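One file, protein37.cif, carrying mmCIF, C-alpha atoms:
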```cif
data_my_file
#
loop_
_atom_site.label_atom_id
_atom_site.label_comp_id
_atom_site.auth_asym_id
_atom_site.auth_seq_id
_atom_site.Cartn_x
_atom_site.Cartn_y
_atom_site.Cartn_z
CA MET A 230 43.70 -109.40 -7.69
CA LYS A 231 44.30 -108.63 -11.37
CA LYS A 232 40.56 -108.18 -11.89
CA ALA A 233 40.40 -105.69 -9.02
CA LEU A 234 43.35 -103.74 -10.47
CA LYS A 235 41.65 -103.60 -13.89
CA ILE A 236 38.43 -102.31 -12.33
CA THR A 237 40.37 -99.70 -10.37
CA GLY A 238 42.23 -98.66 -13.50
CA LYS A 239 38.99 -98.27 -15.45
CA ILE A 240 37.49 -96.16 -12.65
CA LEU A 241 40.53 -93.89 -12.55
CA LEU A 242 40.52 -93.57 -16.33
CA GLY A 243 36.84 -92.68 -16.24
CA ILE A 244 37.44 -90.01 -13.62
CA LEU A 245 40.32 -88.59 -15.67
CA LEU A 246 38.20 -88.48 -18.84
CA LEU A 247 35.38 -86.79 -16.92
CA LEU A 248 37.76 -84.15 -15.59
CA LEU A 249 39.11 -83.53 -19.09
CA VAL A 250 35.58 -83.12 -20.45
CA LEU A 251 34.70 -80.69 -17.66
CA LEU A 252 37.90 -78.74 -18.28
CA LEU A 253 37.07 -78.55 -21.99
CA ILE A 254 33.57 -77.28 -21.22
CA VAL A 255 34.97 -74.61 -18.89
CA PHE A 256 37.54 -73.59 -21.49
CA ILE A 257 34.95 -73.28 -24.27
CA TYR A 258 32.66 -71.26 -21.97
CA HIS A 259 35.64 -69.06 -21.07
CA ARG A 260 36.41 -68.29 -24.72
CA VAL A 261 32.77 -67.46 -25.42
CA MET A 262 32.65 -65.13 -22.40
CA LEU A 263 35.87 -63.40 -23.44
CA SER A 264 34.20 -62.47 -26.71
CA LYS A 265 31.06 -61.24 -24.95
CA GLU A 266 33.08 -59.23 -22.40
CA LYS A 267 35.25 -57.46 -24.97
CA PRO A 268 32.88 -54.48 -25.43
CA LEU A 269 33.12 -53.77 -21.68
CA LEU A 270 36.76 -52.83 -22.15
CA GLU A 271 36.27 -50.55 -25.13
CA SER A 272 35.24 -47.59 -22.94
CA PRO A 273 38.02 -47.06 -20.35
CA LEU A 274 37.03 -45.67 -16.96
CA GLY A 275 40.04 -43.35 -16.95
CA GLN A 276 41.76 -40.96 -19.32
CA MET A 277 44.14 -42.66 -21.74
CA VAL A 278 47.53 -41.02 -22.32
CA GLU A 279 50.45 -42.13 -24.47
CA VAL A 280 53.67 -43.08 -22.70
CA ASP A 281 56.59 -44.77 -24.46
CA GLY A 282 54.32 -45.67 -27.35
CA GLY A 283 51.70 -47.38 -25.17
CA GLN A 284 48.43 -46.24 -23.65
CA MET A 285 48.21 -45.69 -19.90
CA SER A 286 45.03 -45.15 -17.90
CA ILE A 287 44.76 -42.33 -15.35
CA TYR A 288 41.48 -41.85 -13.47
CA THR A 289 40.52 -38.64 -11.68
CA GLU A 290 37.66 -37.82 -9.36
CA GLY A 291 36.87 -34.84 -7.15
CA GLU A 292 38.52 -31.46 -6.64
CA GLY A 293 40.48 -29.85 -3.84
CA ASP A 294 43.70 -28.24 -2.70
CA HIS A 295 45.43 -31.62 -2.29
CA THR A 296 45.93 -34.30 -4.93
CA LEU A 297 45.88 -37.85 -3.60
CA VAL A 298 47.64 -40.26 -5.96
CA ILE A 299 46.44 -43.83 -5.45
CA MET A 300 49.21 -46.32 -6.28
CA SER A 301 48.28 -49.96 -6.72
CA GLY A 302 49.73 -52.97 -5.01
CA GLY A 303 51.25 -55.69 -7.18
CA GLY A 304 48.74 -57.64 -9.23
CA GLU A 305 45.60 -55.58 -8.50
CA VAL A 306 43.57 -56.18 -11.66
CA SER A 307 41.68 -52.86 -11.61
CA PRO A 308 43.20 -50.14 -9.42
CA ILE A 309 40.37 -47.76 -10.40
CA LEU A 310 37.74 -50.12 -9.01
CA GLY A 311 39.86 -51.94 -6.45
CA TYR A 312 40.59 -48.85 -4.35
CA SER A 313 37.28 -47.06 -4.89
CA THR A 314 35.97 -48.10 -1.47
CA LEU A 315 38.45 -45.68 0.10
CA TYR A 316 38.83 -42.84 -2.38
CA ARG A 317 35.10 -42.37 -2.83
CA LYS A 318 35.04 -41.36 0.83
CA LEU A 319 37.62 -38.63 0.15
CA SER A 320 36.81 -37.23 -3.30
CA ASP A 321 34.32 -34.73 -1.88
CA THR A 322 37.27 -32.79 -0.43
CA TYR A 323 40.37 -33.76 -2.43
CA GLN A 324 41.36 -34.46 -6.01
CA ILE A 325 41.89 -38.17 -6.53
CA ALA A 326 44.21 -39.56 -9.21
CA VAL A 327 44.47 -43.32 -9.70
CA ILE A 328 47.45 -44.61 -11.68
CA GLU A 329 47.06 -47.81 -13.68
CA ARG A 330 50.58 -48.91 -14.51
CA PHE A 331 51.26 -50.82 -17.72
CA GLY A 332 49.69 -54.25 -17.29
CA TYR A 333 47.04 -52.96 -14.90
CA GLY A 334 43.40 -52.07 -15.50
CA PHE A 335 42.80 -50.45 -18.86
CA SER A 336 46.48 -49.72 -19.53
CA ASP A 337 48.30 -51.63 -22.25
CA VAL A 338 50.41 -54.71 -21.63
CA VAL A 339 53.76 -53.70 -23.12
CA ASP A 340 56.90 -55.50 -24.24
CA GLY A 341 60.31 -55.34 -22.60
CA GLU A 342 61.55 -55.41 -19.03
CA ARG A 343 60.75 -52.42 -16.82
CA ASP A 344 62.71 -51.73 -13.66
CA PHE A 345 61.29 -49.48 -10.95
CA ASP A 346 63.04 -46.40 -12.32
CA THR A 347 61.28 -46.99 -15.64
CA ILE A 348 57.94 -47.66 -13.93
CA LEU A 349 58.32 -44.44 -11.90
CA ARG A 350 59.22 -42.40 -14.98
CA GLN A 351 56.25 -43.76 -16.88
CA ASP A 352 53.81 -43.10 -14.03
CA HIS A 353 55.21 -39.61 -13.53
CA GLU A 354 54.90 -38.82 -17.22
CA ALA A 355 51.36 -40.21 -17.37
CA LEU A 356 50.21 -37.90 -14.56
CA GLN A 357 51.74 -34.90 -16.27
CA LYS A 358 50.14 -35.76 -19.62
CA ALA A 359 46.80 -36.22 -17.87
CA GLY A 360 47.14 -32.68 -16.50
CA ILE A 361 47.53 -33.77 -12.85
CA GLU A 362 49.85 -31.19 -11.36
CA ALA A 363 52.17 -31.59 -8.38
CA PRO A 364 52.51 -31.51 -5.45
CA TYR A 365 51.22 -35.01 -4.84
CA LEU A 366 50.20 -36.83 -1.71
CA LEU A 367 51.27 -40.36 -2.63
CA CYS A 368 49.02 -43.16 -1.35
CA PRO A 369 50.75 -46.47 -2.13
CA HIS A 370 49.41 -49.90 -1.29
CA SER A 371 51.72 -52.86 -0.80
CA MET A 372 54.56 -53.12 -3.36
CA SER A 373 54.04 -49.60 -4.71
CA GLY A 374 55.42 -48.31 -1.42
CA ILE A 375 58.87 -48.93 -2.90
CA GLU A 376 57.98 -46.80 -5.92
CA ALA A 377 56.59 -44.05 -3.67
CA ILE A 378 59.81 -43.85 -1.68
CA LEU A 379 61.82 -43.66 -4.91
CA TRP A 380 59.43 -40.95 -6.13
CA ALA A 381 60.06 -38.86 -3.02
CA GLN A 382 63.81 -39.33 -3.45
CA LYS A 383 63.91 -38.46 -7.15
CA TYR A 384 61.23 -35.76 -7.26
CA PRO A 385 61.31 -34.27 -3.73
CA ASP A 386 59.64 -31.01 -4.74
CA GLU A 387 56.63 -32.92 -6.08
CA VAL A 388 55.78 -35.03 -3.03
CA GLU A 389 54.22 -33.25 -0.06
CA ALA A 390 53.56 -36.43 1.92
CA ILE A 391 53.22 -40.23 1.80
CA VAL A 392 50.22 -42.12 3.14
CA GLY A 393 51.12 -45.79 3.15
CA LEU A 394 48.21 -48.21 2.83
CA ASP A 395 50.03 -51.18 4.36
CA MET A 396 52.84 -50.40 1.96
CA CYS A 397 56.10 -52.24 1.46
CA THR A 398 59.19 -50.71 3.04
CA PRO A 399 62.84 -51.55 2.34
CA LYS A 400 63.02 -54.17 5.13
CA SER A 401 59.70 -55.87 4.37
CA PHE A 402 61.34 -58.82 2.62
CA THR A 403 64.02 -61.38 3.40
CA GLU A 404 66.83 -61.97 0.92
CA GLU A 405 65.22 -65.31 0.08
CA GLU A 406 61.92 -63.65 -0.79
CA LEU A 407 63.65 -61.08 -2.98
CA ALA A 408 65.52 -63.86 -4.79
CA ASP A 409 62.36 -65.96 -5.28
CA ASP A 410 61.40 -65.99 -8.98
CA ARG A 411 57.90 -67.35 -8.15
CA LYS A 412 57.73 -69.33 -11.38
CA THR A 413 55.46 -71.99 -9.89
CA MET A 414 52.92 -69.48 -8.59
CA THR A 415 53.07 -67.51 -11.84
CA ALA A 416 52.42 -70.67 -13.84
CA LEU A 417 49.41 -71.48 -11.64
CA TYR A 418 47.91 -68.01 -12.07
CA THR A 419 48.49 -68.13 -15.82
CA PHE A 420 46.80 -71.54 -16.01
CA LEU A 421 43.77 -70.34 -14.01
CA ARG A 422 43.39 -67.33 -16.31
CA GLY A 423 43.99 -69.15 -19.59
CA SER A 424 41.88 -72.22 -18.82
CA GLY A 425 38.93 -70.26 -17.48
CA LEU A 426 38.98 -72.08 -14.12
CA GLY A 427 39.40 -68.69 -12.44
CA ARG A 428 35.77 -68.00 -13.31
CA LEU A 429 34.77 -70.61 -10.73
CA VAL A 430 36.46 -68.52 -8.02
CA LEU A 431 35.54 -64.93 -8.88
CA THR A 432 31.79 -64.54 -8.35
CA ASP A 433 29.54 -61.57 -7.62
CA SER A 434 29.65 -62.36 -3.90
CA THR A 435 33.39 -61.60 -3.76
CA PHE A 436 32.96 -57.91 -4.63
CA PRO A 437 32.46 -54.96 -2.25
CA GLU A 438 28.84 -54.07 -1.60
CA HIS A 439 29.13 -50.67 -3.28
CA PHE A 440 30.08 -52.20 -6.67
CA ASP A 441 27.16 -51.97 -9.08
CA GLN A 442 26.57 -54.78 -11.56
CA HIS A 443 28.34 -52.95 -14.40
CA GLU A 444 31.46 -52.47 -12.26
CA LYS A 445 31.44 -56.15 -11.32
CA GLU A 446 31.29 -57.13 -14.98
CA ILE A 447 34.16 -54.78 -15.87
CA TYR A 448 36.31 -56.15 -13.03
CA LYS A 449 35.66 -59.73 -14.13
CA ALA A 450 36.38 -58.89 -17.77
CA LEU A 451 39.72 -57.33 -16.79
CA THR A 452 40.59 -60.25 -14.51
CA PHE A 453 40.03 -62.92 -17.14
CA ARG A 454 42.13 -61.03 -19.69
CA ARG A 455 44.85 -59.35 -17.62
CA PHE A 456 45.46 -61.27 -14.38
CA ALA A 457 49.12 -62.27 -13.92
CA ASN A 458 50.23 -60.82 -17.25
CA LYS A 459 53.90 -60.40 -18.15
CA ASN A 460 54.17 -56.79 -16.94
CA VAL A 461 52.85 -57.72 -13.50
CA GLU A 462 55.10 -60.78 -13.33
CA ASP A 463 58.16 -58.76 -14.32
CA GLU A 464 57.86 -56.19 -11.53
CA ILE A 465 58.82 -58.55 -8.72
CA THR A 466 62.11 -59.42 -10.45
CA HIS A 467 63.29 -55.80 -10.09
CA LEU A 468 62.23 -55.33 -6.47
CA ALA A 469 65.64 -56.10 -4.96
CA ASP A 470 67.40 -53.57 -7.21
CA ALA A 471 64.86 -50.89 -6.29
CA ILE A 472 65.37 -51.50 -2.57
CA GLU A 473 69.14 -51.33 -3.02
CA GLU A 474 68.72 -48.00 -4.81
CA ILE A 475 66.54 -46.66 -1.99
CA ASN A 476 69.06 -47.70 0.63
CA SER A 477 71.87 -45.93 -1.25
CA ALA A 478 70.24 -42.53 -0.65
CA ASP A 479 68.81 -40.67 2.32
CA LYS A 480 65.34 -41.57 3.50
CA PRO A 481 62.92 -38.87 2.30
CA ASP A 482 62.07 -36.94 5.47
CA ILE A 483 58.58 -35.78 4.58
CA PRO A 484 55.28 -36.03 6.48
CA THR A 485 54.39 -39.73 6.51
CA LEU A 486 51.30 -41.60 7.69
CA LEU A 487 51.57 -45.38 7.63
CA PHE A 488 48.57 -47.67 8.03
CA LEU A 489 49.68 -51.11 9.14
CA SER A 490 47.84 -54.43 8.85
CA ASP A 491 48.14 -57.24 11.39
CA GLY A 492 50.81 -58.84 9.19
CA ARG A 493 49.12 -62.23 8.88
CA GLU A 494 48.75 -61.95 5.10
CA THR A 495 52.18 -60.46 4.51
CA GLY A 496 55.41 -61.06 6.38
CA GLY A 497 54.17 -61.45 9.93
CA GLN A 498 56.21 -59.74 12.62
CA MET A 499 58.96 -58.88 10.15
CA TRP A 500 56.46 -56.84 8.08
CA ILE A 501 55.32 -55.00 11.21
CA ASP A 502 58.87 -54.34 12.44
CA ALA A 503 59.87 -53.08 8.99
CA MET A 504 57.08 -50.50 9.04
CA TYR A 505 58.09 -49.12 12.41
CA ASP A 506 61.75 -49.19 11.35
CA TYR A 507 60.94 -47.05 8.32
CA ALA A 508 59.05 -44.52 10.43
CA ASP A 509 61.88 -44.34 12.97
CA GLY A 510 64.03 -41.27 12.43
CA LEU A 511 61.53 -39.35 10.31
CA THR A 512 60.68 -35.91 11.65
CA ASP A 513 56.94 -36.27 11.11
CA ALA A 514 55.79 -39.89 10.91
CA GLN A 515 52.91 -41.80 12.42
CA VAL A 516 52.06 -45.51 12.29
CA ILE A 517 48.44 -46.55 12.79
CA ALA A 518 48.06 -50.27 13.46
CA LEU A 519 44.85 -51.75 12.10
CA ASN A 520 43.43 -55.06 13.24
CA CYS A 521 42.77 -56.34 9.73
CA GLY A 522 44.29 -58.01 6.69
CA HIS A 523 46.47 -56.59 3.93
CA MET A 524 43.62 -55.01 1.94
CA VAL A 525 43.24 -52.26 4.51
CA THR A 526 41.30 -50.04 2.09
CA GLU A 527 38.54 -52.66 1.94
CA GLU A 528 38.49 -53.67 5.59
CA LYS A 529 38.96 -50.30 7.33
CA PRO A 530 38.01 -47.56 4.83
CA ASP A 531 36.13 -45.35 7.29
CA GLU A 532 38.92 -45.41 9.86
CA ILE A 533 41.55 -44.71 7.20
CA ALA A 534 39.56 -41.88 5.60
CA ALA A 535 39.06 -40.15 8.95
CA ALA A 536 42.74 -40.42 9.87
CA MET A 537 43.77 -39.17 6.43
CA ARG A 538 41.55 -36.11 6.77
CA ALA A 539 43.12 -35.28 10.12
CA PHE A 540 46.62 -35.85 8.74
CA ILE A 541 46.03 -33.62 5.69
CA ALA A 542 44.50 -30.93 7.88
CA GLY A 543 47.76 -30.94 9.82
CA LEU A 544 49.70 -30.28 6.60
CA ASP A 545 47.75 -27.04 6.17
CA GLU A 546 48.52 -25.70 9.64
#
```

Entire entry expressed as structure tokens:
Amino acid sequence: MKKALKITGKILLGILLLLLVLLLIVFIYHRVMLSKEKPLLESPLGQMVEVDGGQMSIYTEGEGDHTLVIMSGGGEVSPILGYSTLYRKLSDTYQIAVIERFGYGFSDVVDGERDFDTILRQDHEALQKAGIEAPYLLCPHSMSGIEAILWAQKYPDEVEAIVGLDMCTPKSFTEEELADDRKTMTALYTFLRGSGLGRLVLTDSTFPEHFDQHEKEIYKALTFRRFANKNVEDEITHLADAIEEINSADKPDIPTLLFLSDGRETGGQMWIDAMYDYADGLTDAQVIALNCGHMVTEEKPDEIAAAMRAFIAGLDE
């Protein structure tokens, strides 16, 4: 019996040592690749503007009578690339502006806590410094829906409409979810990024077909340097306060088009009900249910682009 236990112990120790060696190899490879990838990030895809002493990235494409402001969901590594599947189908008719908040894409990772009022002020200032003039048609995905609603409340003359890309609404979360500090998940993401194990997950096959090789390399370089950084992590802690602020004022009654996922990757039926609840009572609001996951811009870009064109045409009537 003792002999069997010793053999088992040696086997387990051998497996552990092998795993440690493999982890060390992955880590060393990761550090080498970080050095090689650094030049990819020295030429930002967007225009860099100074806000609160840091550099923010604003990307523009196309021209037109309407300016569509693409607002990223929480944690999207590269908003400029991540939402290109959709906006490239629209930039032949409209001006596109993609905001990369601090901690996203080519924008700096900055110090200090930033509530949603601060995030909104910074994004607003960045657009102005980049020469992107209002009025804006805000196109928020996921968590940035909360920022978009605040934007319409605080700067009503600047927002002609909201097009929600499966965006969060004030009732999208339970009190437990809003109180969740997500430390365990954050620690896991940080470990995957820092150790280099994330490189085993993100491969060329995971990217949209229209990404060229250079864009894939940029996205990977940003992921392995920026994913789950402190600015991204900090946003979720201020979500409850932002929702409380929204609920303390009138709902912005502006033209609103809401694309809705099937809810399986978000909050299920509660997410769906929250979307319809937000649209209820607005003078001009439409909800379009899509049979797809949360990344609606990747799964249903043609359907969304066509509906957006029809919606914007209605604004001009």

### Query
Excluding same-chain residues fewer than 4 positions from Ala469 in chain A, what lies within 9 Å of it counting all atoms listed in the file, as a VMD selection string?
chain A and resid 404 407 to 408 465 473 to 474

Item to complete: Using the chain letters and numbers from the file, give me the residues hit by the PyMOL selection byres ((chain A and resi 316) around 9), as number ranges by chain.
Response: A: 290, 297, 299, 312-315, 317-320, 325, 526, 530, 534

Got a sec: who's within 10 Å of Glu362 in chain A, counting all atoms listed in the file, leaving out chain neighbours fewer than 6 positions off, as a PDB file with C-alpha atoms, keeping the file's coordinate frame?
```pdb
ATOM      1  CA  THR A 296      45.930 -34.300  -4.930  1.00  0.00           C
ATOM      2  CA  LEU A 356      50.210 -37.900 -14.560  1.00  0.00           C
ATOM      3  CA  GLU A 387      56.630 -32.920  -6.080  1.00  0.00           C
TER       4      GLU A 387
END
```

The distance between CA of Pro484 in chain A and CA of Ala514 in chain A is 5.9 Å

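Running the PyMOL selection byres ((chain A and resi 266) around 9) on this file leaves Val261, Met262, Leu263, Ser264, Lys265, Lys267, Pro268, Leu269, Leu270, Glu446, Ile447, Lys449, Ala450 and Leu451 of chain A selected.
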
Create the file for the chosen residues now, containing C-alpha atoms and written as a PDB file, in the coordinates of the input.
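Final output, selection.pdb:
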```
ATOM      1  CA  VAL A 261      32.770 -67.460 -25.420  1.00  0.00           C
ATOM      2  CA  MET A 262      32.650 -65.130 -22.400  1.00  0.00           C
ATOM      3  CA  LEU A 263      35.870 -63.400 -23.440  1.00  0.00           C
ATOM      4  CA  SER A 264      34.200 -62.470 -26.710  1.00  0.00           C
ATOM      5  CA  LYS A 265      31.060 -61.240 -24.950  1.00  0.00           C
ATOM      6  CA  LYS A 267      35.250 -57.460 -24.970  1.00  0.00           C
ATOM      7  CA  PRO A 268      32.880 -54.480 -25.430  1.00  0.00           C
ATOM      8  CA  LEU A 269      33.120 -53.770 -21.680  1.00  0.00           C
ATOM      9  CA  LEU A 270      36.760 -52.830 -22.150  1.00  0.00           C
ATOM     10  CA  GLU A 446      31.290 -57.130 -14.980  1.00  0.00           C
ATOM     11  CA  ILE A 447      34.160 -54.780 -15.870  1.00  0.00           C
ATOM     12  CA  LYS A 449      35.660 -59.730 -14.130  1.00  0.00           C
ATOM     13  CA  ALA A 450      36.380 -58.890 -17.770  1.00  0.00           C
ATOM     14  CA  LEU A 451      39.720 -57.330 -16.790  1.00  0.00           C
TER      15      LEU A 451
END
```
